[in-house]
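Shown next, in structure tokens, is the structure this report addresses.
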Amino acid sequence: MSRLKELQISDPRINERIRVPEVRLVGAAGEQIGVVRIEDALRMAQEQDLDLVEVAPTSKPPVAKLMDFGKFKYEAAQKVREARKNQVNTVLKTVRFGLKIDDHDYGTKRGQIQKFLKAGDKVKVIVVFRGREQSRPEMGIKLLQKLAEEVAELGAVESNPSIDGRNMVMVIGPLKNKADAKAEAKKAAEKAAKASSADKPNESAAEEAAE
């Protein structure tokens, strides 16, 4: 029963469920028919073997359209399924820094963050405070701000540095979503493959000339 109620609430009103004296009618091809009595709109739907579907219930009068509601629902469900199939979820990666990290390790971790952002993933950057370092939060903020500036071409700060227990946390989001990043990486790989195959004949020609 609750499932039936859910369907009735979420679906638009159709045919005899539309209980208003008149509607602004739109034809099956999208043409504007104008304001007509509900009885006339229902009759037109029946004559064309279509449904009368209320598409804008809050308008005065409500807007209704002539359509094949079963086909409309099927196509809408197909679009939702296709969107879910193509949806690529952003992953939250984590990279930890010590407050006294040396330049080499810093460069390595910054490279990891750049790689994650380029792939379309978010990065949770954590600065770990040890012992008395907890009394120097400004040092953690300075480190994170420097990092944010150095990766600004690939990502933007979504969550400013904040204290979380013994750590300081900042979240950087990618400027490109994961789907776009994947598409771009694919194009780059295809371009590199074409360039490689184009170079091979030149290489063999050079070898023949050398012989």
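Following the order of the structure tokens, first chain is A, next is B, and so on, with residues numbered from 1 inside each chain and ligands from 1 in the order they appear.
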
Might you pull out every residue within 10 Å of region 156-164 of chain A, with only C-alpha atoms counted and same-chain residues fewer than 3 positions away left off, and present them as a ChimeraX atom specification?
/A:117,122-128,134,137,140-142,144-145,148-149,151-153,167-175

What parts of region 34-208 of chain A does DSSP call strand (DSSP E or B)? I'd like the answer as a PyMOL selection string.
chain A and resi 34-37+51-56+63-67+92-98+122-128+155-164+167-174

I want to know what sits within 12 Å of Gly111 (chain A), based on only C-alpha atoms, with residues of the same chain fewer than 4 positions away left out; could you give that as a count of residues only?
13

Using only C-alpha atoms, can you tell me which of A:Arg81, A:Leu66, A:Asp180, A:Thr58 comes closest to Ala41 (chain A)?
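Answer, going by the shortest atom-to-atom distance: A:Leu66.
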
Which residues come within 12 Å of Lys65 (chain A), counting only C-alpha atoms, excluding same-chain residues fewer than 4 positions away, as number ranges by chain?
A: 12-15, 18, 23-36, 38, 41-42, 44-45, 50-57, 69, 72

Keeping C-alpha atoms, export the residues of the selection given above as a compact mmCIF listing (two decimals), in the first residue's frame.
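Dumped everything to selection02.txt:
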# COMPACT_ATOMS: atom_id res chain seq x y z
CA PRO A 12 2.19 13.35 -12.37
CA ARG A 13 -1.61 13.21 -12.48
CA ILE A 14 -2.93 11.73 -15.70
CA ASN A 15 -6.33 11.45 -17.42
CA ILE A 18 -6.66 15.60 -13.26
CA VAL A 23 -6.07 23.13 -18.62
CA ARG A 24 -3.59 24.86 -20.90
CA LEU A 25 -3.15 22.09 -23.44
CA VAL A 26 0.03 21.17 -25.29
CA GLY A 27 -0.20 18.76 -28.23
CA ALA A 28 1.82 15.58 -28.72
CA ALA A 29 4.26 17.38 -31.02
CA GLY A 30 4.72 20.24 -28.52
CA GLU A 31 2.30 22.62 -30.22
CA GLN A 32 0.33 25.06 -28.06
CA ILE A 33 -3.39 24.29 -28.34
CA GLY A 34 -4.50 26.80 -25.72
CA VAL A 35 -6.83 26.77 -22.70
CA VAL A 36 -9.53 24.11 -23.05
CA ILE A 38 -10.86 19.31 -19.09
CA ALA A 41 -8.80 17.70 -23.36
CA LEU A 42 -9.72 14.17 -22.21
CA MET A 44 -8.83 14.69 -27.56
CA ALA A 45 -6.50 12.34 -25.69
CA LEU A 50 -2.89 9.10 -25.92
CA ASP A 51 -2.82 10.13 -22.25
CA LEU A 52 -3.48 13.57 -20.83
CA VAL A 53 -0.57 14.29 -18.48
CA GLU A 54 -0.40 17.25 -16.07
CA VAL A 55 3.12 18.65 -16.53
CA ALA A 56 2.83 21.95 -14.62
CA PRO A 57 0.23 21.56 -11.84
CA PHE A 69 2.59 8.10 -20.72
CA PHE A 72 7.37 8.43 -21.53

Please, which residues of region 75-112 of chain A, numbered as in this document, come out alpha helix (DSSP H) from DSSP, as a PyMOL selection string?
chain A and resi 75-86+103-112

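With only C-alpha atoms as the atoms that count, the minimum distance from Asn177 (chain A) to the choices A:Leu99, A:Met139, A:Ala195, A:Val91 is reached by A:Val91.
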